[in-house]
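Source file: my_file31.pdb. Holds: PDB, C-alpha atoms, pLDDT in the B column.
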```pdb
ATOM      1  CA  GLN X 874     -51.353  33.690 -12.648  1.00 73.00           C
ATOM      2  CA  GLU X 875     -49.513  36.600 -11.020  1.00 76.00           C
ATOM      3  CA  ALA X 876     -46.652  34.310 -10.088  1.00 75.00           C
ATOM      4  CA  MET X 877     -46.415  33.111 -13.685  1.00 77.00           C
ATOM      5  CA  GLU X 878     -46.287  36.662 -14.986  1.00 80.00           C
ATOM      6  CA  ALA X 879     -43.602  37.612 -12.463  1.00 81.00           C
ATOM      7  CA  MET X 880     -41.515  34.557 -13.319  1.00 81.00           C
ATOM      8  CA  GLN X 881     -41.931  35.259 -17.043  1.00 83.00           C
ATOM      9  CA  MET X 882     -40.754  38.832 -16.591  1.00 85.00           C
ATOM     10  CA  ILE X 883     -37.732  37.739 -14.569  1.00 84.00           C
ATOM     11  CA  LEU X 884     -36.753  35.087 -17.119  1.00 81.00           C
ATOM     12  CA  GLN X 885     -37.179  37.557 -20.005  1.00 86.00           C
ATOM     13  CA  THR X 886     -34.959  40.158 -18.363  1.00 85.00           C
ATOM     14  CA  ASN X 887     -32.360  37.585 -17.365  1.00 82.00           C
ATOM     15  CA  PRO X 888     -32.352  34.590 -19.764  1.00 82.00           C
ATOM     16  CA  GLN X 889     -29.463  32.965 -17.888  1.00 82.00           C
ATOM     17  CA  LEU X 890     -31.921  32.052 -15.127  1.00 78.00           C
ATOM     18  CA  TRP X 891     -33.457  29.447 -17.458  1.00 81.00           C
ATOM     19  CA  GLY X 892     -30.442  27.251 -16.525  1.00 80.00           C
ATOM     20  CA  VAL X 893     -31.342  27.597 -12.839  1.00 78.00           C
ATOM     21  CA  ALA X 894     -35.127  27.895 -12.597  1.00 80.00           C
ATOM     22  CA  GLY X 895     -36.551  27.142 -16.034  1.00 81.00           C
ATOM     23  CA  ASP X 896     -38.036  23.867 -14.835  1.00 82.00           C
ATOM     24  CA  LEU X 897     -39.938  25.671 -12.068  1.00 81.00           C
ATOM     25  CA  PHE X 898     -41.368  28.168 -14.554  1.00 80.00           C
ATOM     26  CA  ILE X 899     -42.626  25.376 -16.828  1.00 83.00           C
ATOM     27  CA  LYS X 900     -43.920  23.373 -13.855  1.00 84.00           C
ATOM     28  CA  ASN X 901     -46.182  26.270 -12.834  1.00 81.00           C
ATOM     29  CA  MET X 902     -47.784  26.587 -16.275  1.00 81.00           C
ATOM     30  CA  ASP X 903     -51.409  25.590 -16.528  1.00 79.00           C
ATOM     31  CA  TRP X 904     -51.637  23.430 -19.622  1.00 80.00           C
ATOM     32  CA  PRO X 905     -51.562  19.671 -20.304  1.00 87.00           C
ATOM     33  CA  GLY X 906     -48.071  18.178 -20.393  1.00 86.00           C
ATOM     34  CA  ALA X 907     -46.427  20.994 -18.426  1.00 83.00           C
ATOM     35  CA  GLN X 908     -45.358  18.622 -15.626  1.00 87.00           C
ATOM     36  CA  GLU X 909     -43.747  16.187 -18.101  1.00 88.00           C
ATOM     37  CA  MET X 910     -41.998  19.044 -19.887  1.00 85.00           C
ATOM     38  CA  ALA X 911     -40.710  20.399 -16.564  1.00 85.00           C
ATOM     39  CA  ALA X 912     -39.393  16.938 -15.651  1.00 85.00           C
ATOM     40  CA  ARG X 913     -37.527  16.687 -18.938  1.00 83.00           C
ATOM     41  CA  PHE X 914     -36.220  20.236 -18.640  1.00 78.00           C
ATOM     42  CA  SER X 915     -34.912  19.558 -15.124  1.00 80.00           C
ATOM     43  CA  LYS X 916     -32.720  16.792 -16.578  1.00 81.00           C
ATOM     44  CA  THR X 917     -30.831  19.427 -18.537  1.00 79.00           C
ATOM     45  CA  LEU X 918     -29.999  21.465 -15.436  1.00 76.00           C
ATOM     46  CA  ASP X 919     -26.713  21.332 -13.589  1.00 68.00           C
ATOM     47  CA  PRO X 920     -27.006  18.629 -10.885  1.00 69.00           C
ATOM     48  CA  LYS X 921     -25.659  21.060  -8.302  1.00 67.00           C
ATOM     49  CA  VAL X 922     -28.735  23.230  -8.805  1.00 65.00           C
ATOM     50  CA  LEU X 923     -31.022  20.280  -8.091  1.00 67.00           C
ATOM     51  CA  GLU X 924     -29.097  19.069  -4.993  1.00 67.00           C
ATOM     52  CA  GLY X 925     -31.017  21.403  -2.754  1.00 63.00           C
ATOM     53  CA  THR X 926     -28.028  22.305  -0.622  1.00 59.00           C
ATOM     54  CA  ASP X 927     -27.528  25.758   0.750  1.00 62.00           C
ATOM     55  CA  GLU X 928     -23.770  25.556   0.321  1.00 64.00           C
ATOM     56  CA  SER X 929     -22.032  28.088  -1.808  1.00 67.00           C
ATOM     57  CA  PRO X 930     -19.968  26.842  -4.733  1.00 69.00           C
ATOM     58  CA  GLU X 931     -16.846  27.791  -2.784  1.00 72.00           C
ATOM     59  CA  ALA X 932     -17.949  25.646   0.159  1.00 70.00           C
ATOM     60  CA  GLN X 933     -18.723  22.760  -2.167  1.00 72.00           C
ATOM     61  CA  MET X 934     -15.285  23.107  -3.772  1.00 79.00           C
ATOM     62  CA  MET X 935     -13.631  23.171  -0.357  1.00 81.00           C
ATOM     63  CA  ARG X 936     -15.565  20.055   0.669  1.00 79.00           C
ATOM     64  CA  ALA X 937     -14.389  18.273  -2.491  1.00 83.00           C
ATOM     65  CA  GLN X 938     -10.786  19.358  -1.820  1.00 86.00           C
ATOM     66  CA  MET X 939     -11.035  18.143   1.769  1.00 86.00           C
ATOM     67  CA  ASN X 940     -12.360  14.782   0.556  1.00 85.00           C
ATOM     68  CA  ASP X 941      -9.468  14.544  -1.922  1.00 86.00           C
ATOM     69  CA  MET X 942      -6.990  15.404   0.824  1.00 88.00           C
ATOM     70  CA  ALA X 943      -8.536  12.789   3.131  1.00 86.00           C
ATOM     71  CA  ASN X 944      -8.191  10.165   0.393  1.00 88.00           C
ATOM     72  CA  GLN X 945      -4.577  11.172  -0.189  1.00 90.00           C
ATOM     73  CA  MET X 946      -3.880  10.954   3.532  1.00 89.00           C
ATOM     74  CA  GLU X 947      -5.356   7.440   3.645  1.00 90.00           C
ATOM     75  CA  GLN X 948      -3.188   6.395   0.705  1.00 93.00           C
ATOM     76  CA  THR X 949      -0.120   7.945   2.340  1.00 91.00           C
ATOM     77  CA  ALA X 950      -0.882   6.194   5.643  1.00 91.00           C
ATOM     78  CA  ALA X 951      -1.195   2.856   3.824  1.00 93.00           C
ATOM     79  CA  LEU X 952       2.126   3.481   2.073  1.00 94.00           C
ATOM     80  CA  VAL X 953       3.805   4.397   5.366  1.00 93.00           C
ATOM     81  CA  GLN X 954       2.462   1.187   6.918  1.00 94.00           C
ATOM     82  CA  GLN X 955       3.822  -0.881   4.012  1.00 94.00           C
ATOM     83  CA  LEU X 956       7.202   0.817   4.305  1.00 95.00           C
ATOM     84  CA  GLN X 957       7.249   0.191   8.072  1.00 95.00           C
ATOM     85  CA  GLN X 958       6.499  -3.506   7.548  1.00 95.00           C
ATOM     86  CA  SER X 959       9.213  -3.738   4.896  1.00 94.00           C
ATOM     87  CA  TYR X 960      11.665  -1.959   7.209  1.00 94.00           C
ATOM     88  CA  ASP X 961      10.779  -4.282  10.095  1.00 94.00           C
ATOM     89  CA  MET X 962      11.278  -7.365   7.932  1.00 94.00           C
ATOM     90  CA  ASN X 963      14.617  -6.098   6.616  1.00 94.00           C
ATOM     91  CA  LYS X 964      15.753  -5.215  10.134  1.00 94.00           C
ATOM     92  CA  LEU X 965      14.807  -8.702  11.327  1.00 94.00           C
ATOM     93  CA  ALA X 966      16.806 -10.283   8.482  1.00 93.00           C
ATOM     94  CA  ILE X 967      19.807  -8.066   9.238  1.00 94.00           C
ATOM     95  CA  ASP X 968      19.605  -8.875  12.952  1.00 94.00           C
ATOM     96  CA  GLU X 969      19.528 -12.583  12.110  1.00 92.00           C
ATOM     97  CA  GLN X 970      22.579 -12.209   9.850  1.00 92.00           C
ATOM     98  CA  ASN X 971      24.416 -10.276  12.572  1.00 92.00           C
ATOM     99  CA  THR X 972      23.638 -13.061  15.049  1.00 91.00           C
ATOM    100  CA  GLN X 973      25.071 -15.645  12.628  1.00 89.00           C
ATOM    101  CA  ILE X 974      28.158 -13.512  12.071  1.00 90.00           C
ATOM    102  CA  LYS X 975      28.691 -13.201  15.814  1.00 91.00           C
ATOM    103  CA  ALA X 976      28.300 -16.975  16.223  1.00 86.00           C
ATOM    104  CA  TYR X 977      30.874 -17.651  13.461  1.00 82.00           C
ATOM    105  CA  ASP X 978      33.208 -15.063  14.964  1.00 85.00           C
ATOM    106  CA  ALA X 979      32.903 -16.675  18.398  1.00 86.00           C
ATOM    107  CA  GLU X 980      33.576 -20.129  16.898  1.00 80.00           C
ATOM    108  CA  THR X 981      36.620 -18.793  15.027  1.00 81.00           C
ATOM    109  CA  LYS X 982      38.023 -17.215  18.188  1.00 83.00           C
ATOM    110  CA  ARG X 983      37.364 -20.418  20.122  1.00 80.00           C
ATOM    111  CA  LEU X 984      39.207 -22.461  17.496  1.00 76.00           C
ATOM    112  CA  GLN X 985      42.085 -19.987  17.433  1.00 77.00           C
ATOM    113  CA  ALA X 986      42.369 -20.162  21.206  1.00 76.00           C
ATOM    114  CA  MET X 987      42.260 -23.940  21.161  1.00 72.00           C
ATOM    115  CA  GLN X 988      44.789 -24.195  18.329  1.00 69.00           C
ATOM    116  CA  SER X 989      47.440 -22.222  20.136  1.00 71.00           C
ATOM    117  CA  GLY X 990      47.366 -24.653  23.074  1.00 73.00           C
ATOM    118  CA  LEU X 991      47.222 -27.925  21.107  1.00 73.00           C
ATOM    119  CA  SER X 992      50.048 -30.021  19.855  1.00 77.00           C
ATOM    120  CA  PRO X 993      50.056 -31.346  16.276  1.00 79.00           C
ATOM    121  CA  GLU X 994      49.094 -34.787  17.563  1.00 83.00           C
ATOM    122  CA  GLN X 995      46.088 -33.370  19.431  1.00 80.00           C
ATOM    123  CA  ILE X 996      44.991 -31.465  16.328  1.00 78.00           C
ATOM    124  CA  GLN X 997      45.305 -34.690  14.290  1.00 85.00           C
ATOM    125  CA  ASP X 998      43.166 -36.552  16.852  1.00 86.00           C
ATOM    126  CA  ILE X 999      40.493 -33.832  16.690  1.00 83.00           C
ATOM    127  CA  VAL X1000      40.498 -33.924  12.864  1.00 83.00           C
ATOM    128  CA  MET X1001      40.307 -37.715  12.834  1.00 88.00           C
ATOM    129  CA  GLY X1002      37.442 -37.662  15.330  1.00 85.00           C
ATOM    130  CA  THR X1003      35.580 -35.095  13.221  1.00 82.00           C
ATOM    131  CA  VAL X1004      36.097 -37.162  10.051  1.00 84.00           C
ATOM    132  CA  ALA X1005      34.972 -40.351  11.805  1.00 85.00           C
ATOM    133  CA  ALA X1006      31.866 -38.615  13.173  1.00 81.00           C
ATOM    134  CA  ALA X1007      31.059 -37.301   9.699  1.00 78.00           C
ATOM    135  CA  MET X1008      31.411 -40.786   8.263  1.00 82.00           C
ATOM    136  CA  ASP X1009      29.171 -42.243  10.997  1.00 83.00           C
ATOM    137  CA  THR X1010      26.412 -39.710  10.284  1.00 77.00           C
ATOM    138  CA  GLY X1011      26.726 -40.190   6.515  1.00 73.00           C
ATOM    139  CA  ASP X1012      28.002 -36.680   5.845  1.00 66.00           C
ATOM    140  CA  ILE X1013      31.129 -38.231   4.305  1.00 69.00           C
ATOM    141  CA  VAL X1014      30.976 -41.483   2.366  1.00 68.00           C
ATOM    142  CA  PRO X1015      34.279 -43.298   1.802  1.00 67.00           C
ATOM    143  CA  ARG X1016      35.153 -44.103  -1.795  1.00 65.00           C
ATOM    144  CA  SER X1017      35.144 -47.736  -2.764  1.00 62.00           C
ATOM    145  CA  THR X1018      38.094 -47.433  -5.173  1.00 56.00           C
ATOM    146  CA  PRO X1019      41.177 -49.502  -4.415  1.00 55.00           C
ATOM    147  CA  MET X1020      43.444 -46.450  -4.405  1.00 55.00           C
ATOM    148  CA  GLN X1021      42.150 -44.659  -1.342  1.00 55.00           C
ATOM    149  CA  PRO X1022      44.655 -42.280   0.155  1.00 55.00           C
ATOM    150  CA  GLN X1023      45.548 -43.209   3.673  1.00 56.00           C
ATOM    151  CA  LEU X1024      45.868 -40.634   6.387  1.00 57.00           C
ATOM    152  CA  PRO X1025      48.927 -41.035   8.599  1.00 57.00           C
ATOM    153  CA  GLY X1026      48.096 -42.799  11.830  1.00 56.00           C
ATOM    154  CA  LEU X1027      45.059 -44.706  10.460  1.00 54.00           C
ATOM    155  CA  GLU X1028      46.906 -47.853   9.515  1.00 49.00           C
TER
END
```
For this file, write the structure as structure tokens.
Amino acid sequence: QEAMEAMQMILQTNPQLWGVAGDLFIKNMDWPGAQEMAARFSKTLDPKVLEGTDESPEAQMMRAQMNDMANQMEQTAALVQQLQQSYDMNKLAIDEQNTQIKAYDAETKRLQAMQSGLSPEQIQDIVMGTVAAAMDTGDIVPRSTPMQPQLPGLE
């Protein structure tokens, strides 16, 4: 009874405390239905009041900010990983293209070196051999028209 009177006096002098401890005041009343009324009243309170943590609002805010920052860091790390994979794939494609360019360059230089030391007849033999090999593999199919041009030296 004394506790009830003390709580009533506190709540009368500071009505804002109803939003923090009103459910406890009703819960301690000695009449039928007080427990049910206290349960309903507690549903209207701020959930932070009912959490039962001893953290200050500032600490709770800092914890929320830290959680947000951790989530942002995870998202940033995932983005960095995606960018790294994209970079690696692009670098691999560029390296492959550079290898092909070097191979074509080497073939061009080889042909240039060979050309300077070959006579026209030797060049014609090489061309004819290449054409014949292409025809054998099916890369070149001769036309079946009666007016096929004849290459010199194939008669």
> Selected by the PyMOL selection byres ((chain X and resi 887-895) around 8) in the shown coordinates: which residues, as a PyMOL selection string?
Replying inline: chain X and resi 883-886+896-899+911+914-915+918-919+922
Output C-alpha atoms for every residue in the selection just made, as a compact mmCIF listing (two decimals), in the frame of the given file.
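Resulting contents of selection.txt:
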```txt
# COMPACT_ATOMS: atom_id res chain seq x y z
CA ILE X 883 -37.73 37.74 -14.57
CA LEU X 884 -36.75 35.09 -17.12
CA GLN X 885 -37.18 37.56 -20.00
CA THR X 886 -34.96 40.16 -18.36
CA ASP X 896 -38.04 23.87 -14.84
CA LEU X 897 -39.94 25.67 -12.07
CA PHE X 898 -41.37 28.17 -14.55
CA ILE X 899 -42.63 25.38 -16.83
CA ALA X 911 -40.71 20.40 -16.56
CA PHE X 914 -36.22 20.24 -18.64
CA SER X 915 -34.91 19.56 -15.12
CA LEU X 918 -30.00 21.46 -15.44
CA ASP X 919 -26.71 21.33 -13.59
CA VAL X 922 -28.74 23.23 -8.80
```
> Could you state the separation of CA of Ala879 in chain X and CA of Trp904 in chain X in Å, given to one decimal place?
Replying inline: 17.8 Å
> How many Å lie between CA of Thr972 in chain X and CA of Gly1011 in chain X, rounded to one decimal?
Replying inline: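 Computing the Euclidean distance for CA of Thr972 in chain X and CA of Gly1011 in chain X yields 28.6 Å.
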> Any idea what the distance is between CA of Asp903 in chain X and CA of Met880 in chain X?
Replying inline: 13.7 Å
